[in-house]
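The next block is data-v9.csv, given as CSV, C-alpha atoms and all ligand atoms.
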```
chain,number,residue,atom,x,y,z
A,964,MET,CA,-15.8,70.5,104.0
A,965,GLU,CA,-18.8,72.7,103.4
A,966,THR,CA,-20.4,73.8,106.7
A,967,GLN,CA,-24.1,74.7,106.6
A,968,ILE,CA,-25.3,77.3,109.1
A,969,PHE,CA,-28.8,76.9,110.4
A,970,LYS,CA,-30.4,79.9,112.3
A,971,VAL,CA,-32.9,78.4,114.8
A,972,PHE,CA,-35.4,80.2,116.9
A,973,SER,CA,-37.5,77.4,118.4
A,974,GLU,CA,-37.4,73.7,118.9
A,975,ASN,CA,-40.1,73.4,116.2
A,976,ASP,CA,-38.0,74.9,113.4
A,977,GLU,CA,-37.5,72.8,110.3
A,978,ALA,CA,-33.7,73.1,110.7
A,979,ILE,CA,-34.0,70.7,113.7
A,980,ASP,CA,-35.1,67.9,111.4
A,981,LYS,CA,-32.2,68.7,109.0
A,982,THR,CA,-29.8,68.6,111.9
A,983,ALA,CA,-31.1,65.3,113.1
A,984,ASP,CA,-30.8,63.9,109.6
A,985,ILE,CA,-27.1,64.9,109.4
A,986,LEU,CA,-26.5,63.3,112.9
A,987,LYS,CA,-28.4,60.1,111.9
A,988,SER,CA,-26.2,59.7,108.9
A,989,GLY,CA,-23.0,60.0,110.9
A,990,GLY,CA,-22.3,63.7,110.5
A,991,ILE,CA,-21.1,66.2,113.2
A,992,VAL,CA,-23.0,69.4,114.1
A,993,ALA,CA,-22.3,72.2,116.5
A,994,ILE,CA,-25.4,72.7,118.6
A,995,PRO,CA,-26.5,75.1,121.3
A,996,THR,CA,-27.0,74.0,124.9
A,997,GLU,CA,-27.6,76.0,128.1
A,998,THR,CA,-24.0,75.7,129.1
A,999,VAL,CA,-21.9,76.3,126.0
A,1000,TYR,CA,-22.1,75.2,122.3
A,1001,GLY,CA,-21.4,71.5,121.9
A,1002,LEU,CA,-19.9,69.6,118.9
A,1003,ALA,CA,-22.4,66.7,118.6
A,1004,GLY,CA,-22.2,63.3,116.9
A,1005,ASN,CA,-23.6,59.8,117.5
A,1006,ALA,CA,-22.0,58.7,120.8
A,1007,LEU,CA,-22.3,55.0,120.0
A,1008,ASP,CA,-20.2,55.2,116.8
A,1009,GLY,CA,-16.5,55.4,117.3
A,1010,ASN,CA,-16.0,56.6,113.7
A,1011,VAL,CA,-18.2,59.6,114.3
A,1012,THR,CA,-16.5,60.5,117.6
A,1013,ASP,CA,-13.1,60.3,115.8
A,1014,LYS,CA,-14.4,63.1,113.6
A,1015,ILE,CA,-15.2,65.2,116.7
A,1016,TYR,CA,-11.7,64.7,118.1
A,1017,ALA,CA,-10.2,65.7,114.8
A,1018,ALA,CA,-12.3,68.8,114.2
A,1019,LYS,CA,-11.5,70.1,117.7
A,1020,GLY,CA,-7.9,69.0,117.7
A,1021,ARG,CA,-8.7,67.3,121.0
A,1022,PRO,CA,-6.3,64.7,122.5
A,1023,SER,CA,-7.9,61.3,122.2
A,1024,ASP,CA,-7.5,60.5,125.9
A,1025,ASN,CA,-9.8,63.4,126.9
A,1026,PRO,CA,-13.3,61.7,127.2
A,1027,LEU,CA,-16.5,63.1,125.8
A,1028,ILE,CA,-19.8,63.8,127.6
A,1029,VAL,CA,-22.8,61.8,126.3
A,1030,HIS,CA,-26.0,63.8,126.1
A,1031,ILE,CA,-29.4,62.3,126.4
A,1032,SER,CA,-32.9,63.7,126.1
A,1033,ASP,CA,-34.8,61.1,128.2
A,1034,ILE,CA,-33.9,59.3,131.3
A,1035,SER,CA,-34.6,55.9,129.6
A,1036,GLN,CA,-31.4,56.5,127.5
A,1037,TRP,CA,-29.2,56.4,130.6
A,1038,ARG,CA,-29.5,52.8,131.7
A,1039,PRO,CA,-28.1,51.2,128.5
A,1040,LEU,CA,-24.9,53.4,128.8
A,1041,VAL,CA,-23.9,52.3,132.3
A,1042,LYS,CA,-23.4,49.2,134.4
A,1043,GLU,CA,-26.0,50.3,136.9
A,1044,ILE,CA,-27.6,53.4,138.2
A,1045,PRO,CA,-27.2,53.7,142.0
A,1046,GLU,CA,-29.7,55.4,144.2
A,1047,ASN,CA,-27.7,58.6,144.7
A,1048,ALA,CA,-27.4,59.0,140.9
A,1049,TYR,CA,-31.2,58.8,140.5
A,1050,ALA,CA,-31.5,61.3,143.3
A,1051,LEU,CA,-29.2,63.8,141.5
A,1052,ALA,CA,-31.1,63.3,138.2
A,1053,ASP,CA,-34.4,63.8,140.0
A,1054,LYS,CA,-33.3,67.1,141.3
A,1055,TYR,CA,-31.0,68.6,138.7
A,1056,TRP,CA,-31.9,67.0,135.3
A,1057,PRO,CA,-32.5,68.4,132.8
A,1058,GLY,CA,-29.7,70.8,133.6
A,1059,PRO,CA,-26.0,71.7,133.7
A,1060,LEU,CA,-24.9,68.5,135.6
A,1061,THR,CA,-22.8,65.6,134.3
A,1062,VAL,CA,-22.7,62.3,136.2
A,1063,ILE,CA,-19.9,59.8,135.8
A,1064,LEU,CA,-20.6,56.0,136.3
A,1065,PRO,CA,-18.9,52.8,135.2
A,1066,LYS,CA,-19.7,52.4,131.5
A,1067,SER,CA,-21.5,49.5,129.6
A,1068,GLU,CA,-20.2,47.7,126.6
A,1069,ILE,CA,-22.1,49.8,124.1
A,1070,VAL,CA,-20.1,52.9,124.9
A,1071,PRO,CA,-17.0,52.9,122.6
A,1072,ASP,CA,-13.6,53.2,124.3
A,1073,LYS,CA,-13.0,56.2,122.0
A,1074,VAL,CA,-15.9,58.1,123.7
A,1075,SER,CA,-14.6,57.4,127.2
A,1076,GLY,CA,-11.0,58.1,126.2
A,1077,GLY,CA,-10.0,54.6,127.2
A,1078,LEU,CA,-11.5,54.9,130.7
A,1079,SER,CA,-14.0,52.3,132.1
A,1080,THR,CA,-16.4,55.0,133.0
A,1081,VAL,CA,-18.8,57.3,131.1
A,1082,ALA,CA,-20.0,60.9,131.7
A,1083,VAL,CA,-23.7,61.5,130.9
A,1084,ARG,CA,-25.8,64.7,131.0
A,1085,MET,CA,-29.4,65.6,130.1
A,1086,PRO,CA,-29.3,69.3,128.9
A,1087,SER,CA,-32.3,71.6,129.7
A,1088,ASP,CA,-32.0,73.7,126.5
A,1089,LYS,CA,-35.1,73.0,124.4
A,1090,ILE,CA,-33.3,73.0,121.1
A,1091,ALA,CA,-30.6,70.7,122.3
A,1092,ARG,CA,-33.2,68.3,123.6
A,1093,ALA,CA,-35.2,68.3,120.4
A,1094,ILE,CA,-32.1,67.6,118.4
A,1095,ILE,CA,-31.1,64.6,120.6
A,1096,GLU,CA,-34.7,63.3,120.5
A,1097,LYS,CA,-35.0,63.5,116.7
A,1098,SER,CA,-31.6,62.1,116.0
A,1099,GLY,CA,-32.7,59.0,118.0
A,1100,VAL,CA,-29.3,58.3,119.6
A,1101,PRO,CA,-27.3,59.7,122.6
A,1102,LEU,CA,-25.0,62.4,121.4
A,1103,ALA,CA,-21.3,62.9,122.4
A,1104,ALA,CA,-20.9,66.7,122.5
A,1105,PRO,CA,-17.7,68.3,123.9
A,1106,SER,CA,-17.5,72.1,123.8
A,1107,ALA,CA,-17.5,73.3,120.2
A,1108,ASN,CA,-14.2,75.2,120.3
A,1109,THR,CA,-10.7,74.4,119.0
A,1110,SER,CA,-9.1,72.5,121.9
A,1111,GLY,CA,-7.4,74.9,124.3
A,1112,LYS,CA,-9.4,78.0,123.3
A,1113,PRO,CA,-12.2,79.5,125.5
A,1114,SER,CA,-15.5,77.6,125.1
A,1115,PRO,CA,-18.0,79.2,122.7
A,1116,THR,CA,-21.1,80.8,124.2
A,1117,SER,CA,-22.4,82.1,120.9
A,1118,ALA,CA,-22.4,80.7,117.4
A,1119,LYS,CA,-20.0,83.5,116.3
A,1120,TYR,CA,-17.1,81.8,118.2
A,1121,VAL,CA,-18.1,78.4,116.9
A,1122,ILE,CA,-17.9,79.7,113.3
A,1123,GLU,CA,-14.4,81.3,114.2
A,1124,ASP,CA,-13.1,77.9,115.3
A,1125,LEU,CA,-14.9,75.2,113.3
A,1126,MET,CA,-16.0,76.6,110.0
A,1127,GLY,CA,-15.1,74.1,107.2
A,1128,LYS,CA,-14.4,71.4,109.8
A,1129,VAL,CA,-18.0,70.3,110.7
A,1130,ASP,CA,-21.1,69.5,108.7
A,1131,ALA,CA,-23.3,72.2,110.2
A,1132,ILE,CA,-23.5,74.8,112.9
A,1133,VAL,CA,-26.9,75.5,114.6
A,1134,ASP,CA,-27.1,79.2,115.6
A,1135,ALA,CA,-29.6,79.8,118.4
A,1136,GLY,CA,-28.1,82.9,120.0
A,1137,GLU,CA,-26.3,83.1,123.4
A,1138,CYS,CA,-26.0,80.3,126.0
A,1139,SER,CA,-27.8,81.0,129.3
A,1140,VAL,CA,-25.3,79.5,131.8
A,1141,GLY,CA,-22.1,80.2,129.9
A,1142,VAL,CA,-19.7,77.8,131.6
A,1143,GLU,CA,-19.6,74.0,131.0
A,1144,SER,CA,-21.5,71.6,133.1
A,1145,THR,CA,-20.6,70.6,136.6
A,1146,VAL,CA,-18.9,67.1,136.5
A,1147,ILE,CA,-19.4,64.7,139.4
A,1148,SER,CA,-18.0,61.2,139.7
A,1149,LEU,CA,-20.2,58.6,141.5
A,1150,CYS,CA,-17.6,55.9,141.0
A,1151,GLU,CA,-16.2,56.4,144.5
A,1152,THR,CA,-17.4,57.2,148.0
A,1153,PRO,CA,-17.7,60.0,148.8
A,1154,PRO,CA,-18.5,61.3,145.3
A,1155,ARG,CA,-15.8,63.5,143.7
A,1156,LEU,CA,-16.5,66.9,142.1
A,1157,LEU,CA,-14.2,67.0,139.1
A,1158,ARG,CA,-15.3,70.3,137.5
A,1159,PRO,CA,-17.4,73.0,139.0
A,1160,GLY,CA,-20.3,74.5,137.0
A,1161,GLY,CA,-23.8,75.8,137.1
A,1162,ILE,CA,-24.9,73.2,139.7
A,1163,THR,CA,-22.8,74.3,142.7
A,1164,ALA,CA,-20.9,72.2,145.3
A,1165,GLU,CA,-23.5,73.3,147.9
A,1166,MET,CA,-26.4,72.0,145.6
A,1167,LEU,CA,-24.6,68.6,145.3
A,1168,THR,CA,-24.1,68.3,149.0
A,1169,ASP,CA,-27.8,68.9,149.5
A,1170,VAL,CA,-28.5,65.7,147.7
A,1171,LEU,CA,-25.4,63.6,148.3
A,1172,GLY,CA,-24.2,64.6,151.8
A,1173,GLU,CA,-20.4,64.7,151.8
A,1174,ILE,CA,-18.5,65.2,148.6
A,1175,VAL,CA,-14.8,65.7,147.8
A,1176,ILE,CA,-13.7,68.6,145.6
A,1177,ASP,CA,-10.9,67.3,143.4
A,1178,ASP,CA,-7.6,69.2,144.0
A,1179,ALA,CA,-7.4,69.9,140.2
A,1180,VAL,CA,-10.3,72.3,140.6
A,1181,PHE,CA,-8.1,74.7,142.4
A,1182,ASN,CA,-4.5,73.8,141.6
A,1183,LYS,CA,-2.3,72.9,138.8
A,1184,LEU,CA,-1.9,69.1,138.5
A,1185,ALA,CA,1.4,68.1,140.1
A,1186,ASP,CA,4.0,66.6,137.7
A,1187,GLY,CA,3.5,62.9,137.3
A,1188,LYS,CA,0.2,62.9,139.0
A,1189,LYS,CA,-2.7,61.1,137.2
A,1190,ALA,CA,-5.7,63.4,136.5
A,1191,ALA,CA,-9.1,62.1,137.8
A,1192,SER,CA,-10.6,64.0,134.9
A,1193,PRO,CA,-8.2,63.9,131.9
A,1194,GLY,CA,-9.4,67.3,130.6
A,1195,MET,CA,-7.9,68.9,133.7
A,1196,LYS,CA,-4.4,68.2,132.6
A,1197,TYR,CA,-4.6,70.1,129.4
A,1198,LYS,CA,-4.0,73.8,128.7
A,1199,HIS,CA,-7.5,75.3,128.7
A,1200,TYR,CA,-9.6,78.3,127.9
A,1201,SER,CA,-6.6,80.4,126.8
A,1202,PRO,CA,-6.7,83.5,124.8
A,1203,ASP,CA,-3.5,84.4,122.9
A,1204,THR,CA,-3.1,87.3,125.3
A,1205,GLN,CA,-1.3,86.5,128.6
A,1206,VAL,CA,-3.7,86.5,131.5
A,1207,ILE,CA,-2.5,87.3,135.0
A,1208,ILE,CA,-5.0,87.3,137.9
A,1209,VAL,CA,-4.4,90.1,140.5
A,1210,LYS,CA,-5.9,89.2,143.9
A,1211,GLY,CA,-6.8,92.0,146.2
A,1212,SER,CA,-9.1,95.0,146.7
A,1213,PHE,CA,-10.1,97.2,143.7
A,1214,GLU,CA,-8.0,100.0,145.2
A,1215,ASP,CA,-4.9,97.8,145.2
A,1216,PHE,CA,-5.8,96.5,141.7
A,1217,LYS,CA,-5.9,100.1,140.4
A,1218,LYS,CA,-2.5,100.9,142.0
A,1219,PHE,CA,-1.0,97.7,140.6
A,1220,ILE,CA,-2.2,98.6,137.1
A,1221,GLU,CA,-0.8,102.2,137.3
A,1222,LYS,CA,2.5,100.8,138.3
A,1223,ASN,CA,2.7,97.9,135.8
A,1224,LYS,CA,0.9,99.2,132.7
A,1225,THR,CA,2.3,99.6,129.2
A,1226,GLU,CA,0.5,100.6,126.0
A,1227,LYS,CA,-0.5,97.0,125.4
A,1228,THR,CA,-1.9,96.3,128.9
A,1229,ALA,CA,-5.6,95.6,129.5
A,1230,ALA,CA,-7.7,94.9,132.5
A,1231,LEU,CA,-10.4,92.2,132.8
A,1232,CYS,CA,-12.6,93.7,135.4
A,1233,PHE,CA,-16.1,93.9,136.8
A,1234,GLU,CA,-18.8,96.2,135.3
A,1235,GLY,CA,-18.4,99.8,136.3
A,1236,GLU,CA,-14.8,99.5,137.3
A,1237,GLU,CA,-13.6,100.4,133.7
A,1238,LYS,CA,-14.5,104.0,134.4
A,1239,GLU,CA,-11.8,104.2,137.0
A,1240,LEU,CA,-9.0,102.5,135.1
A,1241,SER,CA,-6.6,104.1,132.6
A,1242,VAL,CA,-6.0,101.0,130.4
A,1243,MET,CA,-8.1,99.1,127.8
A,1244,CYS,CA,-10.8,97.2,129.7
A,1245,VAL,CA,-13.0,94.2,129.1
A,1246,THR,CA,-15.7,93.5,131.7
A,1247,TYR,CA,-17.0,90.1,132.8
A,1248,GLY,CA,-20.1,90.7,134.8
A,1249,LYS,CA,-20.9,92.6,138.0
A,1250,LYS,CA,-18.8,92.2,141.2
A,1251,ASN,CA,-21.3,90.3,143.3
A,1252,ASP,CA,-23.1,88.4,140.6
A,1253,PRO,CA,-21.3,85.0,140.0
A,1254,ALA,CA,-24.1,83.8,137.6
A,1255,GLY,CA,-23.6,86.9,135.5
A,1256,GLN,CA,-19.8,86.4,135.5
A,1257,ALA,CA,-20.2,82.8,134.4
A,1258,LYS,CA,-22.3,83.9,131.5
A,1259,ASN,CA,-19.7,86.5,130.4
A,1260,ILE,CA,-16.3,85.0,131.2
A,1261,PHE,CA,-15.6,83.1,128.0
A,1262,ASP,CA,-16.9,85.9,125.8
A,1263,ALA,CA,-14.7,88.3,127.8
A,1264,LEU,CA,-11.6,86.0,127.3
A,1265,ARG,CA,-12.2,86.0,123.5
A,1266,ARG,CA,-12.7,89.8,123.5
A,1267,VAL,CA,-9.3,90.3,125.2
A,1268,ASP,CA,-7.7,88.9,122.1
A,1269,GLU,CA,-9.9,91.1,119.8
A,1270,ILE,CA,-8.7,94.4,121.4
A,1271,GLY,CA,-5.1,93.5,120.7
A,1272,ALA,CA,-3.7,93.5,124.3
A,1273,GLU,CA,-0.5,91.7,125.0
A,1274,LYS,CA,-1.1,91.2,128.7
A,1275,VAL,CA,-4.3,91.4,130.7
A,1276,PHE,CA,-4.6,91.8,134.5
A,1277,ALA,CA,-7.8,90.1,135.7
A,1278,ARG,CA,-9.8,90.8,138.9
A,1279,PHE,CA,-10.2,87.8,141.2
A,1280,PRO,CA,-13.8,86.5,141.4
A,1281,GLU,CA,-15.5,85.3,144.6
A,1282,THR,CA,-15.2,81.5,144.8
A,1283,ASP,CA,-18.4,80.4,146.4
A,1284,GLY,CA,-21.5,79.1,144.6
A,1285,VAL,CA,-21.2,79.4,140.8
A,1286,GLY,CA,-18.2,81.6,141.5
A,1287,LEU,CA,-16.1,78.5,141.9
A,1288,ALA,CA,-16.8,77.6,138.2
A,1289,VAL,CA,-15.8,81.1,137.2
A,1290,PHE,CA,-12.5,81.0,139.2
A,1291,ASN,CA,-11.7,77.5,137.8
A,1292,ARG,CA,-12.0,78.7,134.2
A,1293,LEU,CA,-10.1,82.0,134.8
A,1294,VAL,CA,-7.3,80.4,136.7
A,1295,ARG,CA,-6.7,78.0,133.8
A,1296,ALA,CA,-6.9,80.8,131.3
A,1297,ALA,CA,-4.1,82.4,133.4
A,1298,ALA,CA,-2.1,79.2,133.6
A,1299,PHE,CA,-2.4,79.4,137.4
A,1300,ASN,CA,-0.6,82.8,137.4
A,1301,ILE,CA,-2.0,84.7,140.4
A,1302,ILE,CA,-0.3,87.8,142.0
A,1303,GLU,CA,-1.5,88.9,145.5
A,1304,VAL,CA,-1.5,92.6,146.1
B,1401,LIG,P1,-16.0,69.2,127.5
B,1401,LIG,O1,-17.0,68.2,126.9
B,1401,LIG,O2,-15.1,69.8,126.5
B,1401,LIG,O3,-16.7,70.2,128.3
B,1401,LIG,O4,-15.1,68.3,128.5
B,1401,LIG,C1,-15.6,67.3,129.2
B,1401,LIG,C2,-14.9,67.2,130.5
B,1401,LIG,O5,-15.4,66.0,131.2
B,1401,LIG,C3,-13.4,67.0,130.4
B,1401,LIG,O6,-12.8,67.7,131.4
B,1401,LIG,C4,-13.3,65.4,130.6
B,1401,LIG,O7,-12.0,65.1,131.1
B,1401,LIG,C5,-14.4,65.2,131.6
B,1401,LIG,N1,-14.8,63.8,131.5
B,1401,LIG,C6,-15.6,63.2,130.5
B,1401,LIG,N2,-15.8,61.9,130.8
B,1401,LIG,C7,-15.1,61.6,131.9
B,1401,LIG,C8,-14.9,60.4,132.6
B,1401,LIG,N3,-15.4,59.2,132.2
B,1401,LIG,N4,-14.1,60.4,133.7
B,1401,LIG,C9,-13.6,61.6,134.1
B,1401,LIG,N5,-13.8,62.8,133.5
B,1401,LIG,C10,-14.5,62.8,132.4
B,1402,MG,MG,-14.1,71.8,126.5
```

Represent the structure contained in this file as structure tokens.
Amino acid sequence: METQIFKVFSENDEAIDKTADILKSGGIVAIPTETVYGLAGNALDGNVTDKIYAAKGRPSDNPLIVHISDISQWRPLVKEIPENAYALADKYWPGPLTVILPKSEIVPDKVSGGLSTVAVRMPSDKIARAIIEKSGVPLAAPSANTSGKPSPTSAKYVIEDLMGKVDAIVDAGECSVGVESTVISLCETPPRLLRPGGITAEMLTDVLGEIVIDDAVFNKLADGKKAASPGMKYKHYSPDTQVIIVKGSFEDFKKFIEKNKTEKTAALCFEGEEKELSVMCVTYGKKNDPAGQAKNIFDALRRVDEIGAEKVFARFPETDGVGLAVFNRLVRAAAFNIIEV
């Protein structure tokens, strides 16, 4: 398949109309959002979403998030919108928050991965919003990477993974948040946080009161246990390089590296620390800046492969606020391999 590449600088560019035309005629296009690049297609057409699963190599039981540009597009997708859902939308939409509710008949089972619920989000990125609006339908848009790889935060990585497999790629530079949306299910009481992201657990509690953080956010799913969020059971965000998280002070991290390094060892550390380390280094933001870490983590995981390391020892991030999202992605990239020093 020939993949067109559109460089886009504003929501008024002509390429937005071309993109919308492709989407209207059943094509699939990688588009920028504030979280990560998404692979978009008409969410109401199961034949289109089949193409999305195929291009990504995504297992068909891992449901897609449906993206809307106006609140009026939400109601037809779900059975009903409870009060607490409106309260969340009021405060955090448009933005990096996905809300799960029981789905209506118009949402194909292929989109919900066979579940009776549907995940919906209204992105804040102006270009994403213009594309949804002009295409005239809600868009299913999982992260625009090959399934299992780190999510793409710039078009360069989308091109690496999806060139020749999609109709077009819209290049609008780097994503501002850098990790995928927070996913909250309102299908139970108290609501359940399934995936941490740019909207933090604390921000959700502000609106919802008590919430439960699903165990899969922190831990590997136990054998035989059903995942509340099917995506959680799959290998995720992995570079080819083996990632091992080393938990402890920077002094202890340094000592650990000195003791365990080979020529092919690298460190995934905070900015400034590379000066004090004697191995190849990739940085992922400043130590006390979780938002900066979120913006950099996926790019850093891709760069780890580019420098040709066999094994990378990673610094442990703080886990409050947006830090929980960073930890959640890193621990999956490391296949839950954490060494305490
Ligand atoms: P992605 O779009 O690649 O960022 O992945 C979407 C994430 O949302 C995956 O982890 C899915 O398992 C999760 N998800 C989407 N829809 C649902 C749903 N109806 N119920 C539970 N999790 C969902
Ligand atoms: Mg994904």

So, counting only C-alpha atoms and all ligand atoms, which residue among A:Val1083, A:Val992, A:Leu1027, A:Ala1131 is closest to ligand MG 1402 (chain B)?
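When distances to ligand MG 1402 (chain B) are compared using only C-alpha atoms and all ligand atoms, the smallest one comes from A:Leu1027.
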
Selection as a ChimeraX atom specification: residues within 8 Å of ligand LIG 1401 (chain B) by all atoms listed in the file:
/A:1001,1025-1028,1063-1065,1075-1076,1078-1083,1104-1107,1114,1143-1144,1146,1148,1157-1158,1191-1195

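The space separating CA of Phe1216 (chain A) from CA of Asp1283 (chain A) comes to 21.0 Å.
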
For a cut-off of 12 Å around (-13.6, 88.4, 126.8), file coordinates, pick out all residues using all atoms listed in the file and list them as a PyMOL selection string.
chain A and resi 1112-1116+1120+1200-1204+1206+1229-1233+1244-1248+1256-1272+1275+1277+1293+1296

Point-to-point distance in Å for CA of Ile1044 (chain A) and CA of Val999 (chain A)
26.6 Å

From the set A:Gly1058, A:Arg1292, A:Ser1110, A:Gly1255, which residue has the shortest atom-to-atom contact distance to ligand MG 1402 (chain B), counting only C-alpha atoms and all ligand atoms?
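Of the candidates, the smallest distance to ligand MG 1402 (chain B) is held by A:Ser1110.
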
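Taking all atoms listed in the file into account, Cys1150 (chain A) lies nearest to A:Ala1048 out of the set A:Leu1060, A:Ala1048, A:Val1129, A:Met1085.
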
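Nearest to Val1062 (chain A) of all the residues A:Ile1147, A:Ala1018, A:Ala1050, A:Val1209 is A:Ile1147, based on only C-alpha atoms.
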
Test item: which residues lie within 10 Å of (-25.9, 75.7, 123.8) counting all atoms listed in the file, as a ChimeraX atom specification:
/A:993-1002,1086-1091,1106-1107,1115-1118,1133-1141,1143

When you draw a straight line from CA of Tyr1197 (chain A) to CA of Met1243 (chain A), how long is it in Å?
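CA of Tyr1197 (chain A) sits 29.3 Å away from CA of Met1243 (chain A).
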
Nearest to Glu1273 (chain A) among A:Asn1291, A:Pro1045, A:Glu1236, A:Lys1227, with distances taken over all atoms listed in the file: which residue is it?
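The shortest atom-to-atom distance to Glu1273 (chain A) comes from A:Lys1227.
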
Selection: 10 Å around Asp984 (chain A), only C-alpha atoms, excl. self and same-chain fewer than 4 positions, as a VMD selection string
chain A and resid 978 to 980 988 to 990 1094 1097 to 1099

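Of the listed residues (A:Asn1182, A:Tyr1016, A:Lys1128, A:Gly1077), A:Tyr1016 comes nearest to ligand MG 1402 (chain B); the distances count all atoms listed in the file.
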
Within 6 Å of region 1035-1041 of chain A, counting all atoms listed in the file, which residues qualify if same-chain residues fewer than 2 places away don't, as a list in words?
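Using all atoms listed in the file, the neighbours found are Asp1033, Glu1043, Pro1065, Lys1066 and Ser1067 of chain A.
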
Which neighbours of Ser1241 (chain A) fall inside 9 Å, counting all atoms listed in the file, when residues of the same chain fewer than 5 positions from it are skipped, and could you give them as a list of chain:residue names?
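The residues satisfying every condition are A:Lys1217, A:Ile1220, A:Glu1221, A:Lys1224.
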
Excluding region 1210-1215 of chain A and any residue of its chain fewer than 6 positions from it, enumerate the residues within 7 Å of it, using all atoms listed in the file, and give them as number ranges by chain.
A: 1278-1279, 1301-1304
